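Below is the file upload-v4.cif, which contains mmCIF, N, CA and C atoms.
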```cif
data_input
#
loop_
_atom_site.label_atom_id
_atom_site.label_comp_id
_atom_site.auth_asym_id
_atom_site.auth_seq_id
_atom_site.Cartn_x
_atom_site.Cartn_y
_atom_site.Cartn_z
N MET O 227 -44.56 32.24 82.70
CA MET O 227 -44.20 32.62 81.35
C MET O 227 -44.90 31.72 80.35
N GLU O 228 -45.19 32.29 79.20
CA GLU O 228 -45.87 31.52 78.17
C GLU O 228 -44.84 30.75 77.33
N THR O 229 -45.18 29.54 76.97
CA THR O 229 -44.35 28.71 76.12
C THR O 229 -45.12 28.41 74.84
N ILE O 230 -44.45 28.65 73.70
CA ILE O 230 -45.06 28.40 72.41
C ILE O 230 -44.16 27.47 71.62
N GLU O 231 -44.73 26.39 71.12
CA GLU O 231 -43.98 25.43 70.31
C GLU O 231 -44.60 25.36 68.92
N VAL O 232 -43.76 25.59 67.91
CA VAL O 232 -44.21 25.50 66.52
C VAL O 232 -43.49 24.32 65.90
N LYS O 233 -44.26 23.31 65.49
CA LYS O 233 -43.67 22.10 64.90
C LYS O 233 -43.54 22.26 63.40
N GLY O 234 -42.37 21.93 62.87
CA GLY O 234 -42.12 22.01 61.45
C GLY O 234 -42.52 20.75 60.72
N ALA O 235 -42.50 20.83 59.40
CA ALA O 235 -42.94 19.73 58.55
C ALA O 235 -41.96 18.57 58.52
N ASN O 236 -40.71 18.80 58.87
CA ASN O 236 -39.70 17.75 58.72
C ASN O 236 -39.00 17.40 60.04
N GLY O 237 -39.74 17.44 61.14
CA GLY O 237 -39.18 17.04 62.43
C GLY O 237 -38.43 18.14 63.16
N GLU O 238 -38.44 19.35 62.63
CA GLU O 238 -37.82 20.46 63.32
C GLU O 238 -38.90 21.22 64.09
N ARG O 239 -38.48 22.06 65.05
CA ARG O 239 -39.44 22.86 65.77
C ARG O 239 -38.77 24.09 66.36
N LEU O 240 -39.57 25.12 66.61
CA LEU O 240 -39.13 26.31 67.30
C LEU O 240 -39.83 26.33 68.65
N LEU O 241 -39.08 26.68 69.70
CA LEU O 241 -39.64 26.73 71.04
C LEU O 241 -39.36 28.10 71.65
N TYR O 242 -40.42 28.83 71.97
CA TYR O 242 -40.34 30.14 72.61
C TYR O 242 -40.72 29.96 74.06
N ASP O 243 -39.85 30.39 74.99
CA ASP O 243 -40.14 30.21 76.41
C ASP O 243 -40.28 31.53 77.17
N GLY O 244 -40.36 32.63 76.45
CA GLY O 244 -40.50 33.94 77.10
C GLY O 244 -39.18 34.67 77.22
N ALA O 245 -38.07 33.95 77.29
CA ALA O 245 -36.75 34.56 77.40
C ALA O 245 -35.86 34.24 76.21
N THR O 246 -36.09 33.08 75.59
CA THR O 246 -35.28 32.66 74.45
C THR O 246 -36.15 32.00 73.39
N VAL O 247 -35.57 31.87 72.19
CA VAL O 247 -36.16 31.06 71.12
C VAL O 247 -35.12 30.02 70.75
N ALA O 248 -35.51 28.76 70.76
CA ALA O 248 -34.60 27.66 70.42
C ALA O 248 -35.13 26.91 69.21
N LYS O 249 -34.20 26.42 68.40
CA LYS O 249 -34.57 25.57 67.27
C LYS O 249 -34.04 24.17 67.55
N PHE O 250 -34.90 23.19 67.39
CA PHE O 250 -34.54 21.80 67.59
C PHE O 250 -34.69 21.04 66.29
N ARG O 251 -33.81 20.10 66.06
CA ARG O 251 -33.87 19.21 64.90
C ARG O 251 -34.10 17.79 65.37
N HIS O 252 -34.36 16.91 64.44
CA HIS O 252 -34.51 15.46 64.71
C HIS O 252 -35.52 15.19 65.80
N ASN O 253 -36.74 15.76 65.65
CA ASN O 253 -37.84 15.56 66.59
C ASN O 253 -37.47 15.93 68.02
N GLY O 254 -36.71 17.00 68.17
CA GLY O 254 -36.37 17.51 69.50
C GLY O 254 -35.14 16.91 70.12
N LEU O 255 -34.41 16.08 69.41
CA LEU O 255 -33.24 15.44 69.98
C LEU O 255 -31.97 16.29 69.90
N ASP O 256 -31.95 17.25 68.99
CA ASP O 256 -30.73 18.05 68.76
C ASP O 256 -31.08 19.53 68.80
N GLU O 257 -30.56 20.25 69.80
CA GLU O 257 -30.78 21.69 69.85
C GLU O 257 -29.78 22.36 68.91
N ALA O 258 -30.28 22.98 67.86
CA ALA O 258 -29.43 23.58 66.84
C ALA O 258 -29.01 25.00 67.21
N ALA O 259 -29.90 25.76 67.84
CA ALA O 259 -29.60 27.15 68.19
C ALA O 259 -30.52 27.61 69.30
N ARG O 260 -30.03 28.55 70.11
CA ARG O 260 -30.85 29.18 71.15
C ARG O 260 -30.40 30.64 71.22
N ASN O 261 -31.37 31.55 71.09
CA ASN O 261 -31.07 32.98 71.09
C ASN O 261 -31.95 33.71 72.09
N PRO O 262 -31.39 34.69 72.81
CA PRO O 262 -32.23 35.49 73.71
C PRO O 262 -33.19 36.38 72.93
N ILE O 263 -34.34 36.66 73.52
CA ILE O 263 -35.36 37.48 72.87
C ILE O 263 -34.81 38.87 72.55
N SER O 264 -33.89 39.38 73.34
CA SER O 264 -33.35 40.73 73.12
C SER O 264 -32.65 40.87 71.76
N THR O 265 -32.28 39.74 71.12
CA THR O 265 -31.60 39.80 69.83
C THR O 265 -32.57 39.68 68.65
N TYR O 266 -33.87 39.62 68.92
CA TYR O 266 -34.88 39.48 67.86
C TYR O 266 -34.85 40.69 66.94
N ARG O 267 -34.77 40.43 65.62
CA ARG O 267 -34.80 41.50 64.62
C ARG O 267 -36.08 41.46 63.80
N GLU O 268 -36.39 40.33 63.18
CA GLU O 268 -37.62 40.23 62.40
C GLU O 268 -37.95 38.77 62.13
N ILE O 269 -39.21 38.57 61.74
CA ILE O 269 -39.68 37.26 61.32
C ILE O 269 -40.45 37.45 60.01
N ARG O 270 -40.15 36.61 59.04
CA ARG O 270 -40.84 36.64 57.74
C ARG O 270 -41.56 35.32 57.56
N VAL O 271 -42.83 35.42 57.20
CA VAL O 271 -43.65 34.24 56.96
C VAL O 271 -44.20 34.34 55.54
N THR O 272 -43.90 33.34 54.73
CA THR O 272 -44.36 33.29 53.34
C THR O 272 -45.25 32.08 53.15
N HIS O 273 -46.46 32.32 52.63
CA HIS O 273 -47.40 31.22 52.40
C HIS O 273 -47.13 30.58 51.05
N ARG O 274 -47.06 29.27 51.03
CA ARG O 274 -46.94 28.48 49.80
C ARG O 274 -48.21 27.65 49.66
N PRO O 275 -49.08 27.99 48.71
CA PRO O 275 -50.34 27.25 48.58
C PRO O 275 -50.11 25.78 48.23
N GLY O 276 -51.04 24.95 48.66
CA GLY O 276 -50.95 23.52 48.36
C GLY O 276 -51.28 23.24 46.91
N LYS O 277 -50.75 22.15 46.41
CA LYS O 277 -51.01 21.74 45.02
C LYS O 277 -51.43 20.27 45.02
N ARG O 278 -52.29 19.96 44.09
CA ARG O 278 -52.74 18.57 43.88
C ARG O 278 -53.25 17.91 45.17
N GLY O 279 -54.08 18.62 45.91
CA GLY O 279 -54.68 18.05 47.11
C GLY O 279 -53.82 18.11 48.36
N ARG O 280 -52.61 18.62 48.25
CA ARG O 280 -51.74 18.74 49.43
C ARG O 280 -52.06 20.05 50.15
N PRO O 281 -51.93 20.06 51.47
CA PRO O 281 -52.19 21.31 52.20
C PRO O 281 -51.09 22.33 51.95
N GLY O 282 -51.42 23.59 52.17
CA GLY O 282 -50.45 24.66 52.02
C GLY O 282 -49.40 24.60 53.12
N ARG O 283 -48.34 25.35 52.92
CA ARG O 283 -47.26 25.42 53.89
C ARG O 283 -46.84 26.86 54.08
N TYR O 284 -46.16 27.11 55.17
CA TYR O 284 -45.61 28.43 55.46
C TYR O 284 -44.10 28.30 55.63
N GLU O 285 -43.37 29.15 54.94
CA GLU O 285 -41.92 29.22 55.08
C GLU O 285 -41.63 30.33 56.08
N VAL O 286 -40.92 30.00 57.15
CA VAL O 286 -40.64 30.95 58.22
C VAL O 286 -39.14 31.22 58.26
N MET O 287 -38.77 32.51 58.30
CA MET O 287 -37.38 32.91 58.47
C MET O 287 -37.33 33.86 59.67
N LEU O 288 -36.65 33.43 60.73
CA LEU O 288 -36.54 34.20 61.96
C LEU O 288 -35.12 34.73 62.08
N ALA O 289 -34.99 36.05 62.16
CA ALA O 289 -33.67 36.70 62.27
C ALA O 289 -33.44 37.13 63.71
N MET O 290 -32.44 36.53 64.32
CA MET O 290 -32.02 36.88 65.67
C MET O 290 -30.49 36.96 65.61
N THR O 291 -29.79 36.54 66.65
CA THR O 291 -28.34 36.45 66.58
C THR O 291 -27.96 35.53 65.43
N SER O 292 -28.70 34.43 65.30
CA SER O 292 -28.55 33.54 64.16
C SER O 292 -29.88 33.50 63.41
N PHE O 293 -29.85 33.02 62.19
CA PHE O 293 -31.06 32.88 61.40
C PHE O 293 -31.61 31.47 61.61
N MET O 294 -32.93 31.39 61.79
CA MET O 294 -33.60 30.11 61.94
C MET O 294 -34.69 30.02 60.89
N SER O 295 -34.73 28.92 60.17
CA SER O 295 -35.79 28.73 59.18
C SER O 295 -36.56 27.46 59.50
N LEU O 296 -37.82 27.46 59.07
CA LEU O 296 -38.70 26.35 59.38
C LEU O 296 -39.82 26.32 58.35
N THR O 297 -40.22 25.14 57.93
CA THR O 297 -41.38 24.96 57.07
C THR O 297 -42.51 24.43 57.94
N VAL O 298 -43.65 25.13 57.93
CA VAL O 298 -44.76 24.82 58.82
C VAL O 298 -45.98 24.42 58.01
N GLU O 299 -46.65 23.34 58.40
CA GLU O 299 -47.88 22.88 57.75
C GLU O 299 -49.06 23.75 58.19
N GLU O 300 -50.14 23.74 57.43
CA GLU O 300 -51.35 24.53 57.72
C GLU O 300 -51.88 24.34 59.14
N PRO O 301 -51.97 23.10 59.68
CA PRO O 301 -52.54 22.94 61.03
C PRO O 301 -51.74 23.64 62.14
N GLU O 302 -50.48 23.95 61.90
CA GLU O 302 -49.66 24.62 62.90
C GLU O 302 -49.77 26.15 62.82
N LYS O 303 -50.60 26.68 61.94
CA LYS O 303 -50.72 28.13 61.74
C LYS O 303 -51.09 28.88 63.02
N PRO O 304 -52.02 28.40 63.86
CA PRO O 304 -52.33 29.15 65.10
C PRO O 304 -51.11 29.31 66.02
N GLN O 305 -50.28 28.27 66.15
CA GLN O 305 -49.08 28.37 66.97
C GLN O 305 -48.09 29.35 66.34
N LEU O 306 -47.99 29.34 65.02
CA LEU O 306 -47.11 30.27 64.32
C LEU O 306 -47.57 31.71 64.55
N ASP O 307 -48.88 31.95 64.46
CA ASP O 307 -49.42 33.29 64.72
C ASP O 307 -49.13 33.73 66.15
N ALA O 308 -49.25 32.81 67.10
CA ALA O 308 -48.95 33.13 68.51
C ALA O 308 -47.48 33.49 68.69
N LEU O 309 -46.59 32.77 68.00
CA LEU O 309 -45.16 33.07 68.08
C LEU O 309 -44.86 34.45 67.52
N VAL O 310 -45.43 34.77 66.37
CA VAL O 310 -45.22 36.08 65.75
C VAL O 310 -45.70 37.18 66.69
N ALA O 311 -46.87 37.01 67.28
CA ALA O 311 -47.42 38.01 68.20
C ALA O 311 -46.54 38.18 69.44
N ALA O 312 -46.05 37.07 70.00
CA ALA O 312 -45.19 37.13 71.18
C ALA O 312 -43.87 37.84 70.87
N LEU O 313 -43.29 37.55 69.71
CA LEU O 313 -42.04 38.21 69.33
C LEU O 313 -42.26 39.70 69.09
N ASP O 314 -43.37 40.07 68.48
CA ASP O 314 -43.66 41.48 68.26
C ASP O 314 -43.90 42.22 69.59
N ARG O 315 -44.54 41.55 70.55
CA ARG O 315 -44.74 42.15 71.88
C ARG O 315 -43.41 42.36 72.58
N SER O 316 -42.47 41.46 72.37
CA SER O 316 -41.17 41.57 73.05
C SER O 316 -40.37 42.76 72.55
N ARG O 317 -40.65 43.18 71.34
CA ARG O 317 -39.94 44.32 70.75
C ARG O 317 -40.41 45.64 71.34
N ALA O 318 -41.66 45.70 71.75
CA ALA O 318 -42.25 46.96 72.24
C ALA O 318 -41.69 47.40 73.57
#
```
Once more with this new file: its structure as structure tokens, please.
Amino acid sequence: METIEVKGANGERLLYDGATVAKFRHNGLDEAARNPISTYREIRVTHRPGKRGRPGRYEVMLAMTSFMSLTVEEPEKPQLDALVAALDRSRA
């Protein structure tokens, strides 16, 4: 199974393991939520452009049994795209 980890800007992360999506806080020390893929409803990604030399960010809202939000820096965009693609494939 494929594992995708998307690291957030403030020490949070989303971990997709093929069967579930989990959200971790405090650099992976605290599991805040874990939801089965079968409960996936939608994911919204909003780009926030950078200002004054700062890189842009992406605001992510994942709707499953619970809602998970995450702010992602520009360098993590490929992992975010992989997560979106994997979740969309799971719906089909």
Margin query: Applying 10 Å and only C-alpha atoms, which residues near region 244-248 of chain O remain after dropping the ones on its own chain fewer than 2 positions away? List them as a ChimeraX atom specification.
Written below: /O:227-231,239-242,250,257-266,288,290,294,309,312-313,316
Note to self: I want to know what sits within 7 Å of Lys233 (chain O), based on all atoms listed in the file, with residues of the same chain fewer than 4 positions away left out; could you give that as an MDAnalysis selection string?
What the structure shows: chainID O and resid 237:240 297:299 302
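With CA of Ala289 (chain O) on one side and atom N of Arg270 (chain O) on the other, the separation reads 7.2 Å.
The space between atom N of Thr291 (chain O) and CA of Arg317 (chain O) spans 13.4 Å.
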With 6 Å of padding per side, what axis-aligned box (centre and edge lengths, Å, one decimal) covers all the listed atoms of region 295-313 of chain O? Give it as lines of an AutoDock Vina configuration file.
```
center_x = -43.6
center_y = 31.3
center_z = 64.1
size_x = 29.8
size_y = 28.8
size_z = 26.1
```
Any chance you could turn region 296-317 of chain O into a file with N, CA, C and O atoms, as a short mmCIF file (atom, residue, chain, number, x, y, z; two decimals), in the first residue's frame?
```
data_model
loop_
_atom_site.label_atom_id
_atom_site.label_comp_id
_atom_site.auth_asym_id
_atom_site.auth_seq_id
_atom_site.Cartn_x
_atom_site.Cartn_y
_atom_site.Cartn_z
N LEU O 296 -5.37 21.85 7.57
CA LEU O 296 -3.92 21.89 7.59
C LEU O 296 -3.45 23.04 6.71
O LEU O 296 -4.05 23.31 5.67
N THR O 297 -2.42 23.74 7.13
CA THR O 297 -1.77 24.76 6.32
C THR O 297 -0.47 24.17 5.80
O THR O 297 0.35 23.69 6.58
N VAL O 298 -0.29 24.18 4.48
CA VAL O 298 0.84 23.52 3.84
C VAL O 298 1.70 24.55 3.12
O VAL O 298 1.18 25.39 2.39
N GLU O 299 3.01 24.48 3.29
CA GLU O 299 3.96 25.36 2.61
C GLU O 299 4.14 24.90 1.16
O GLU O 299 3.88 23.75 0.82
N GLU O 300 4.64 25.79 0.30
CA GLU O 300 4.86 25.50 -1.12
C GLU O 300 5.67 24.22 -1.38
O GLU O 300 5.32 23.44 -2.25
N PRO O 301 6.78 23.96 -0.65
CA PRO O 301 7.58 22.76 -0.95
C PRO O 301 6.82 21.44 -0.74
O PRO O 301 7.22 20.42 -1.30
N GLU O 302 5.76 21.45 0.03
CA GLU O 302 4.98 20.23 0.28
C GLU O 302 3.88 20.01 -0.77
O GLU O 302 3.12 19.06 -0.67
N LYS O 303 3.79 20.87 -1.78
CA LYS O 303 2.73 20.78 -2.79
C LYS O 303 2.70 19.44 -3.52
O LYS O 303 1.62 18.89 -3.74
N PRO O 304 3.83 18.84 -3.91
CA PRO O 304 3.76 17.53 -4.58
C PRO O 304 3.10 16.44 -3.71
O PRO O 304 2.33 15.63 -4.22
N GLN O 305 3.41 16.42 -2.41
CA GLN O 305 2.78 15.45 -1.52
C GLN O 305 1.29 15.73 -1.39
O GLN O 305 0.48 14.81 -1.32
N LEU O 306 0.92 17.01 -1.34
CA LEU O 306 -0.49 17.38 -1.26
C LEU O 306 -1.23 16.93 -2.52
O LEU O 306 -2.32 16.37 -2.44
N ASP O 307 -0.63 17.14 -3.69
CA ASP O 307 -1.23 16.68 -4.94
C ASP O 307 -1.40 15.17 -4.96
O ASP O 307 -2.42 14.64 -5.43
N ALA O 308 -0.41 14.44 -4.45
CA ALA O 308 -0.50 12.98 -4.38
C ALA O 308 -1.63 12.54 -3.45
O ALA O 308 -2.35 11.58 -3.76
N LEU O 309 -1.81 13.24 -2.33
CA LEU O 309 -2.90 12.91 -1.41
C LEU O 309 -4.25 13.14 -2.06
O LEU O 309 -5.14 12.30 -1.97
N VAL O 310 -4.41 14.27 -2.73
CA VAL O 310 -5.68 14.58 -3.42
C VAL O 310 -5.98 13.50 -4.46
O VAL O 310 -7.11 13.00 -4.54
N ALA O 311 -4.99 13.11 -5.24
CA ALA O 311 -5.18 12.09 -6.27
C ALA O 311 -5.55 10.74 -5.65
O ALA O 311 -6.45 10.05 -6.14
N ALA O 312 -4.89 10.36 -4.56
CA ALA O 312 -5.19 9.09 -3.90
C ALA O 312 -6.61 9.08 -3.33
O ALA O 312 -7.32 8.08 -3.44
N LEU O 313 -7.02 10.19 -2.73
CA LEU O 313 -8.38 10.27 -2.19
C LEU O 313 -9.41 10.22 -3.31
O LEU O 313 -10.45 9.57 -3.16
N ASP O 314 -9.16 10.88 -4.42
CA ASP O 314 -10.09 10.85 -5.54
C ASP O 314 -10.18 9.44 -6.15
O ASP O 314 -11.25 9.00 -6.53
N ARG O 315 -9.05 8.72 -6.20
CA ARG O 315 -9.06 7.34 -6.69
C ARG O 315 -9.87 6.44 -5.77
O ARG O 315 -10.53 5.51 -6.21
N SER O 316 -9.83 6.71 -4.48
CA SER O 316 -10.55 5.86 -3.52
C SER O 316 -12.06 6.00 -3.67
O SER O 316 -12.80 5.11 -3.31
N ARG O 317 -12.49 7.13 -4.19
CA ARG O 317 -13.92 7.38 -4.36
C ARG O 317 -14.48 6.60 -5.55
O ARG O 317 -15.66 6.24 -5.57
#
```
